[in-house]
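Everything below concerns the one structure shown next.
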Amino acid sequence: MRIGIVCPYSFDVPGGVQFHVRDLAEHFLGQGHHASVLAPADEDTPLPSYVESVGRAVPVRYNGSVARLNFGPLTAARVGRWLEAGDFDVVHIHEPVTPSIALLALWSAEGPVVATFHTSNLRSRAMQAAYPLLRPSLEKINGRIAVSEDARRTVTTHLGGDAVVIPNGVNVSRFADAVPAEKWTGTESAPTIAFLGRIDEPRKGLPVLAAAMPAVLAKHPGARVLVAGPGDVEAARERLDPAVAAATEFLGMVSDEDKAVLLSSVDLYVAPHTGGESFGIVLVEAMSAGAPVVASNLPAFVRVLDGGQAGATFANEDGADLARQLLRLLADRGERERLGEAGHRRAWVFDWSVVAEDVMAVYDTVTHGSEDARSDPAADTRWTRLLRGRRGGDD
Amino acid sequence: MDSLTWGVVVVALLLGVAWYLSYSAARLDRLHTRAEGALSALDAQLVRRAEATLELANSGALDPASALMLAAAASESLEAHNERALEDDLLDGQSFGAREVLESDLTESLQAALTADVVADLRGGEADALGSSSLQRVEAAGVRVQLARRFLNDAVTDVQRVRRKWVVRWFRLAGHADLPRTVEFDDELPPAVRD
C-alpha cells in the first residue's frame, strides 16, 4: 500500500506528534509498504530518507505551546506537488485542524483521507471563528482516529460525528533493552528522579516538581533531579529554590538512546504535567523502560496507568501531594519494583506492533470504500462528471 | 449609474451565484461519494465477517452445537447480502434492508459461542491451526466492521447536515438521491477475542 503521512509540526524539534509519525512510517516501511512523510524542517536538519521537507517552519504560539508551522501559497503548492508525485492509496493527516500543511494537504487531497487527532484542547473560539471555512475540507476525511478518549471527546464536541480511538504507539523493546548508565543510577542515599519535557513551558510541570523538592530533599539530602528537555537552562535555574537548583542536573535535549538509558537508570520518573496532554507518550516510554511512574492525575494519565494500577498519581498542580508520593516511594524499594514491573506489563498494550495493526485496519476500510465508489463511472451523470473534473480547482 | 455598470454588476452577481451553486453541488457530490464508498466498505466487511464465521464453524475446532448456531447466523447474513447484490446503487432507498437485525444476531451468536475458555482453547491448540487462523480472520473482520460502520455513520451525518442547507434544498442540488440514514446494529466483538 502507498501511504502518505502529513505531520504539521517541524522535525527540527522533538515532539509527541513527530515521534508518532516517525515510528508509524518506520513500522509500515518495515512491513514492506511504501510510506512517505511530509513535514516542515530546516534545510540543514538531517532527515530520514522517507521524510520530505516542505521548508522552514515559522514559530507561532498555538494550542498553548510554541508551534512551528507552515502556511502560504508557496507551501500549498509544495504540498500539492507531493500529493501528486506520491500517488498515494491513502493520505494520513495528523492534527488536521492546525493552520499548517495538515490543513493544506486536506484541502488538496482527492483520494481516501485518514486523520488523527492528537490534541485534547482544540481552542473552541478559534475553531468557531474559522469553522465555515474548515467544514468543507473536514468533510473529506473518510476515517477519523483519536489518540485518546479525551481527544475523541474534543472531536465529537467540536466537529460532531465520531472518531475511533487508537492510542499512541511506543517501541517498547527499544526502551526495555536499554542498559542503565551508572551516572544516572540512584543509590540508597542519593536516589535519582527524572523529568522530561520543555523546561520553560509551565504546563509540562517543572514548577510543580520544584515545589515538591524541598520536602524531598529534607528527607533525602542526596537526591538528584535529572531534567532532560530543551529550554533556557540559566533562566530555569534562577526560578528554582537554591537548594533545589543545587540538586538538579540539566541534561538539555537528549537523544532517543540517552532518553531510554536515562529512564531505565532512574529510581523514579515524574510526570507533573498540568494539562493539555491528551495521551502522555512519555509515560508509556518510562513504563517500557521499567521506571516507576509518578504522574499528575490528569484523566489521560490515569487511563494510561490503568486507573493507577501501573503507576502512582498525585493531585494535579499540588506540590505537597507530589512530595508525599515521592517520599512514600523513595522509602519503599519493594513498592518501586512492583510499580516498575506493573508499568512494564501495561506498556505492551501500547506497543507499535499492536497499534499499527489497528491503523492498518482503518486504511483497509477507507481504501476499500473509495475503490468501489470510484470504479463505478456509469453512476456519474454528465453534470457530476463535469464537476468532478473541476473539483481540484473550485473548492 | 449607467446601464453598462448595471450590466457588469448583474453579470458579476450571476457569476457569483453560479459559482456558489456549482461549488455546493460538487461538495454534496463528494459527500455522497464518500457515503456510498463507506456503505460498500461496510457491506464488504460484513461479508468477510460472515465468511470467516462460516469457516470457523466448519473448522471442526468448535463443538457441533456452537458450530451450527454460528453457521446459521452467518449464512443468514450472507443470504441477505446476496439478495441485494444486484442492486447497483446501494444508497438508493437505503435502510440497509432488514440486515441490521441479522448482523446484530450474528454479533450475538459470536459473543455467545466465543467465551473466554473457547477462545483460549482455539488460540492454544497448535494441532488445530485452522481453528485459530479462522478465529483471527473473524477478529480482523469484526474490527473492520466496527470501523466501517462508524465511518459510514460519520459520512451520513455530514451528508444530512449539508442537505439541510437552504441552497441545497432550494436548488434541489441533491437530485433524486434519497437522504441516507445511519446504520445501527450491535457490532461489539466478543470480549474474550479483543483481549
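Here, A, B, ... name the chains of the C-alpha cells in the order displayed, residue numbers run from 1 inside each chain, and ligands are numbered from 1 in the same displayed order.
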Running DSSP on the backbone, which parts of range 61-167 of chain B land in helix (DSSP H, G or I), as a compact mmCIF listing (two decimals) with N, CA and C atoms, in the first residue's frame?
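Wrote states36.txt, looks like this:
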```txt
# COMPACT_ATOMS: atom_id res chain seq x y z
N PRO B 64 -20.20 -29.13 18.03
CA PRO B 64 -21.17 -29.07 16.94
C PRO B 64 -22.30 -28.08 17.19
N ALA B 65 -22.76 -27.94 18.45
CA ALA B 65 -23.88 -27.03 18.71
C ALA B 65 -23.49 -25.59 18.42
N SER B 66 -22.32 -25.16 18.94
CA SER B 66 -21.84 -23.80 18.67
C SER B 66 -21.66 -23.60 17.17
N ALA B 67 -21.06 -24.62 16.52
CA ALA B 67 -20.78 -24.51 15.09
C ALA B 67 -22.07 -24.30 14.31
N LEU B 68 -23.12 -25.06 14.68
CA LEU B 68 -24.39 -24.95 13.96
C LEU B 68 -25.00 -23.56 14.16
N MET B 69 -24.93 -23.08 15.41
CA MET B 69 -25.50 -21.76 15.71
C MET B 69 -24.80 -20.67 14.89
N LEU B 70 -23.44 -20.73 14.87
CA LEU B 70 -22.68 -19.73 14.12
C LEU B 70 -22.97 -19.83 12.62
N ALA B 71 -23.00 -21.06 12.13
CA ALA B 71 -23.21 -21.26 10.69
C ALA B 71 -24.57 -20.71 10.28
N ALA B 72 -25.58 -20.91 11.14
CA ALA B 72 -26.92 -20.43 10.81
C ALA B 72 -26.93 -18.90 10.72
N ALA B 73 -26.36 -18.25 11.74
CA ALA B 73 -26.36 -16.78 11.76
C ALA B 73 -25.56 -16.23 10.59
N ALA B 74 -24.39 -16.86 10.30
CA ALA B 74 -23.53 -16.36 9.24
C ALA B 74 -24.19 -16.52 7.87
N SER B 75 -24.87 -17.67 7.65
CA SER B 75 -25.44 -17.87 6.32
C SER B 75 -26.64 -16.96 6.10
N GLU B 76 -27.38 -16.65 7.16
CA GLU B 76 -28.47 -15.67 7.01
C GLU B 76 -27.92 -14.32 6.57
N SER B 77 -26.79 -13.93 7.17
CA SER B 77 -26.19 -12.66 6.83
C SER B 77 -25.74 -12.65 5.36
N LEU B 78 -25.13 -13.76 4.92
CA LEU B 78 -24.66 -13.84 3.54
C LEU B 78 -25.83 -13.82 2.56
N GLU B 79 -26.91 -14.52 2.93
CA GLU B 79 -28.08 -14.56 2.06
C GLU B 79 -28.65 -13.16 1.86
N ALA B 80 -28.75 -12.41 2.96
CA ALA B 80 -29.29 -11.06 2.87
C ALA B 80 -28.41 -10.21 1.97
N HIS B 81 -27.10 -10.43 2.03
CA HIS B 81 -26.20 -9.67 1.16
C HIS B 81 -26.46 -10.04 -0.31
N ASN B 82 -26.57 -11.35 -0.58
CA ASN B 82 -26.72 -11.79 -1.96
C ASN B 82 -28.02 -11.30 -2.58
N GLU B 83 -29.07 -11.21 -1.77
CA GLU B 83 -30.34 -10.73 -2.30
C GLU B 83 -30.21 -9.31 -2.83
N ARG B 84 -29.33 -8.55 -2.22
CA ARG B 84 -29.19 -7.14 -2.63
C ARG B 84 -28.03 -6.92 -3.58
N ARG B 99 -31.15 -5.92 7.31
CA ARG B 99 -29.88 -6.57 7.63
C ARG B 99 -29.37 -6.19 9.01
N GLU B 100 -29.79 -5.03 9.53
CA GLU B 100 -29.33 -4.64 10.86
C GLU B 100 -29.61 -5.74 11.87
N VAL B 101 -30.84 -6.29 11.81
CA VAL B 101 -31.24 -7.32 12.76
C VAL B 101 -30.38 -8.56 12.59
N LEU B 102 -30.16 -8.96 11.33
CA LEU B 102 -29.38 -10.17 11.07
C LEU B 102 -27.94 -10.01 11.56
N GLU B 103 -27.38 -8.81 11.32
CA GLU B 103 -26.00 -8.60 11.73
C GLU B 103 -25.87 -8.55 13.26
N SER B 104 -26.87 -7.95 13.91
CA SER B 104 -26.86 -7.97 15.37
C SER B 104 -26.93 -9.41 15.88
N ASP B 105 -27.75 -10.23 15.18
CA ASP B 105 -27.87 -11.63 15.57
C ASP B 105 -26.52 -12.35 15.45
N LEU B 106 -25.82 -12.08 14.35
CA LEU B 106 -24.53 -12.73 14.16
C LEU B 106 -23.56 -12.30 15.26
N THR B 107 -23.57 -11.00 15.57
CA THR B 107 -22.71 -10.49 16.65
C THR B 107 -23.03 -11.23 17.95
N GLU B 108 -24.34 -11.37 18.21
CA GLU B 108 -24.75 -12.00 19.46
C GLU B 108 -24.31 -13.47 19.48
N SER B 109 -24.47 -14.16 18.35
CA SER B 109 -24.07 -15.57 18.29
C SER B 109 -22.57 -15.70 18.54
N LEU B 110 -21.79 -14.79 17.94
CA LEU B 110 -20.34 -14.83 18.14
C LEU B 110 -20.01 -14.62 19.62
N GLN B 111 -20.72 -13.66 20.23
CA GLN B 111 -20.46 -13.40 21.65
C GLN B 111 -20.82 -14.62 22.50
N ALA B 112 -21.90 -15.29 22.13
CA ALA B 112 -22.33 -16.46 22.91
C ALA B 112 -21.37 -17.63 22.74
N ALA B 113 -20.91 -17.82 21.48
CA ALA B 113 -20.08 -19.00 21.20
C ALA B 113 -18.64 -18.81 21.66
N ALA B 116 -14.50 -16.97 26.91
CA ALA B 116 -13.07 -16.91 27.23
C ALA B 116 -12.40 -18.28 27.09
N ASP B 117 -13.07 -19.33 27.58
CA ASP B 117 -12.49 -20.68 27.53
C ASP B 117 -12.30 -21.15 26.09
N VAL B 118 -13.37 -20.93 25.29
CA VAL B 118 -13.31 -21.38 23.90
C VAL B 118 -12.18 -20.67 23.16
N VAL B 119 -12.08 -19.35 23.37
CA VAL B 119 -11.05 -18.57 22.68
C VAL B 119 -9.66 -19.04 23.09
N ALA B 120 -9.47 -19.25 24.39
CA ALA B 120 -8.17 -19.72 24.88
C ALA B 120 -7.84 -21.07 24.25
N ASP B 121 -8.85 -21.92 24.14
CA ASP B 121 -8.69 -23.24 23.55
C ASP B 121 -8.28 -23.14 22.08
N LEU B 122 -8.98 -22.28 21.34
CA LEU B 122 -8.71 -22.11 19.91
C LEU B 122 -7.30 -21.58 19.68
N ARG B 123 -6.91 -20.61 20.52
CA ARG B 123 -5.60 -19.99 20.33
C ARG B 123 -4.48 -20.90 20.80
N GLY B 124 -4.78 -21.69 21.83
CA GLY B 124 -3.73 -22.53 22.41
C GLY B 124 -3.42 -23.75 21.56
N ALA B 129 -4.69 -25.68 13.68
CA ALA B 129 -4.27 -24.41 13.11
C ALA B 129 -5.41 -23.72 12.39
N LEU B 130 -6.30 -24.51 11.78
CA LEU B 130 -7.41 -23.94 11.02
C LEU B 130 -8.33 -23.13 11.95
N GLY B 131 -8.60 -23.70 13.14
CA GLY B 131 -9.45 -23.01 14.10
C GLY B 131 -8.88 -21.66 14.49
N SER B 132 -7.59 -21.64 14.83
CA SER B 132 -7.03 -20.38 15.33
C SER B 132 -6.88 -19.37 14.20
N SER B 133 -6.59 -19.84 12.99
CA SER B 133 -6.44 -18.86 11.90
C SER B 133 -7.80 -18.30 11.50
N SER B 134 -8.85 -19.13 11.55
CA SER B 134 -10.16 -18.54 11.20
C SER B 134 -10.67 -17.65 12.31
N LEU B 135 -10.29 -17.94 13.55
CA LEU B 135 -10.65 -17.02 14.63
C LEU B 135 -10.00 -15.66 14.39
N GLN B 136 -8.73 -15.71 13.95
CA GLN B 136 -8.04 -14.45 13.64
C GLN B 136 -8.77 -13.66 12.57
N ARG B 137 -9.26 -14.39 11.55
CA ARG B 137 -9.98 -13.70 10.47
C ARG B 137 -11.29 -13.12 10.98
N VAL B 138 -11.97 -13.85 11.87
CA VAL B 138 -13.22 -13.33 12.44
C VAL B 138 -12.92 -12.04 13.20
N GLU B 139 -11.83 -12.07 13.95
CA GLU B 139 -11.48 -10.87 14.74
C GLU B 139 -11.16 -9.70 13.81
N ALA B 140 -10.30 -9.94 12.81
CA ALA B 140 -9.91 -8.86 11.91
C ALA B 140 -11.13 -8.27 11.21
N ALA B 141 -12.03 -9.16 10.73
CA ALA B 141 -13.22 -8.67 10.03
C ALA B 141 -14.13 -7.92 11.00
N GLY B 142 -14.22 -8.42 12.23
CA GLY B 142 -15.07 -7.77 13.24
C GLY B 142 -14.61 -6.35 13.54
N VAL B 143 -13.29 -6.19 13.67
CA VAL B 143 -12.73 -4.85 13.91
C VAL B 143 -13.07 -3.93 12.74
N ARG B 144 -12.93 -4.46 11.52
CA ARG B 144 -13.18 -3.63 10.34
C ARG B 144 -14.65 -3.30 10.17
N VAL B 145 -15.53 -4.22 10.61
CA VAL B 145 -16.97 -3.90 10.58
C VAL B 145 -17.24 -2.71 11.48
N GLN B 146 -16.64 -2.72 12.67
CA GLN B 146 -16.84 -1.59 13.59
C GLN B 146 -16.37 -0.29 12.97
N LEU B 147 -15.16 -0.34 12.37
CA LEU B 147 -14.61 0.87 11.76
C LEU B 147 -15.50 1.35 10.62
N ALA B 148 -15.88 0.40 9.75
CA ALA B 148 -16.64 0.78 8.56
C ALA B 148 -17.98 1.39 8.95
N ARG B 149 -18.62 0.81 9.97
CA ARG B 149 -19.93 1.35 10.36
C ARG B 149 -19.77 2.75 10.95
N ARG B 150 -18.73 2.95 11.74
CA ARG B 150 -18.52 4.27 12.32
C ARG B 150 -18.22 5.30 11.24
N PHE B 151 -17.36 4.93 10.27
CA PHE B 151 -17.02 5.86 9.20
C PHE B 151 -18.25 6.16 8.34
N LEU B 152 -19.07 5.12 8.11
CA LEU B 152 -20.29 5.33 7.33
C LEU B 152 -21.20 6.32 8.05
N ASN B 153 -21.41 6.11 9.34
CA ASN B 153 -22.31 6.99 10.06
C ASN B 153 -21.78 8.42 10.11
N ASP B 154 -20.46 8.57 10.19
CA ASP B 154 -19.86 9.92 10.10
C ASP B 154 -20.21 10.57 8.77
N ALA B 155 -20.04 9.80 7.70
CA ALA B 155 -20.30 10.34 6.36
C ALA B 155 -21.78 10.69 6.23
N VAL B 156 -22.65 9.81 6.73
CA VAL B 156 -24.09 10.05 6.63
C VAL B 156 -24.48 11.32 7.39
N THR B 157 -23.90 11.50 8.58
CA THR B 157 -24.20 12.71 9.36
C THR B 157 -23.79 13.95 8.57
N ASP B 158 -22.63 13.88 7.91
CA ASP B 158 -22.18 15.02 7.11
C ASP B 158 -23.14 15.29 5.96
N VAL B 159 -23.55 14.23 5.27
CA VAL B 159 -24.48 14.40 4.14
C VAL B 159 -25.76 15.04 4.64
N GLN B 160 -26.29 14.52 5.73
CA GLN B 160 -27.56 15.05 6.25
C GLN B 160 -27.44 16.53 6.59
N ARG B 161 -26.28 16.90 7.19
CA ARG B 161 -26.12 18.29 7.58
C ARG B 161 -26.08 19.21 6.35
N VAL B 162 -25.32 18.80 5.32
CA VAL B 162 -25.21 19.65 4.14
C VAL B 162 -26.55 19.70 3.40
N ARG B 163 -27.30 18.59 3.43
CA ARG B 163 -28.57 18.59 2.71
C ARG B 163 -29.62 19.46 3.39
N TRP B 166 -29.99 25.66 2.99
CA TRP B 166 -31.05 26.20 2.12
C TRP B 166 -30.68 26.10 0.65
N VAL B 167 -29.38 26.31 0.33
CA VAL B 167 -29.00 26.33 -1.08
C VAL B 167 -29.23 24.96 -1.70
```
(message) Report, in Å with one decimal, the straight-line distance from CA of Gly307 in chain A to CA of Glu277 in chain A.
(response) 16.4 Å
(message) Give me the residues near Ala38 in chain B as an MDAnalysis selection string, where near means some atom within 12 Å (using only C-alpha atoms) and where sequence neighbours in that chain fewer than 3 positions away do not count.
(response) (chainID A and resid 112 141:143 362 364:374) or (chainID B and resid 31:35 41:45 90:91 144:156 180 182:183)
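When CA of Lys204 in chain A is paired with CA of Pro272 in chain A, their separation reads 6.6 Å.
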(message) Report, in Å to a single decimal, how far apart CA of Val11 in chain B and CA of Leu134 in chain A are.
(response) 28.8 Å
(message) Would you pick out the contacts of Phe279 in chain A at 8 Å or less, using only C-alpha atoms, so that residues sharing its chain but fewer than 4 positions from it are not included, and give the list as a PyMOL selection string?
(response) chain A and resi 118+147-148+167-168+300-301+304
(message) Run DSSP on the backbone and tell me which residues of range 76-188 of chain A come out as strand (DSSP E or B); list them as a PyMOL selection string.
(response) chain A and resi 90-94+113-117+143-146+164-165+170
(request) Select, from A:Ala163, A:Ala109, A:Ala320, A:Ala347, the residue with the minimum atom-to-atom distance to Asp89 in chain A, counting only C-alpha atoms. (result)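 Going through A:Ala163, A:Ala109, A:Ala320, A:Ala347 one by one, the smallest distance to Asp89 in chain A is for A:Ala109.
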(message) Could you list, as a PyMOL selection string, every residue within 12 Å of Val168 in chain B, counting only C-alpha atoms and ignoring same-chain residues fewer than 2 positions away?
(response) chain B and resi 20-29+159-166+170-175
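Among A:His20, A:Arg135, A:His92, A:Arg68, the residue with the shortest atom-to-atom distance to chain B, counting only C-alpha atoms, is A:Arg135.
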(request) Counting only C-alpha atoms, figure out which residue out of A:Val266, A:Ala331, A:Val91, A:Leu138 gets nearest to chain B. (result) A:Leu138
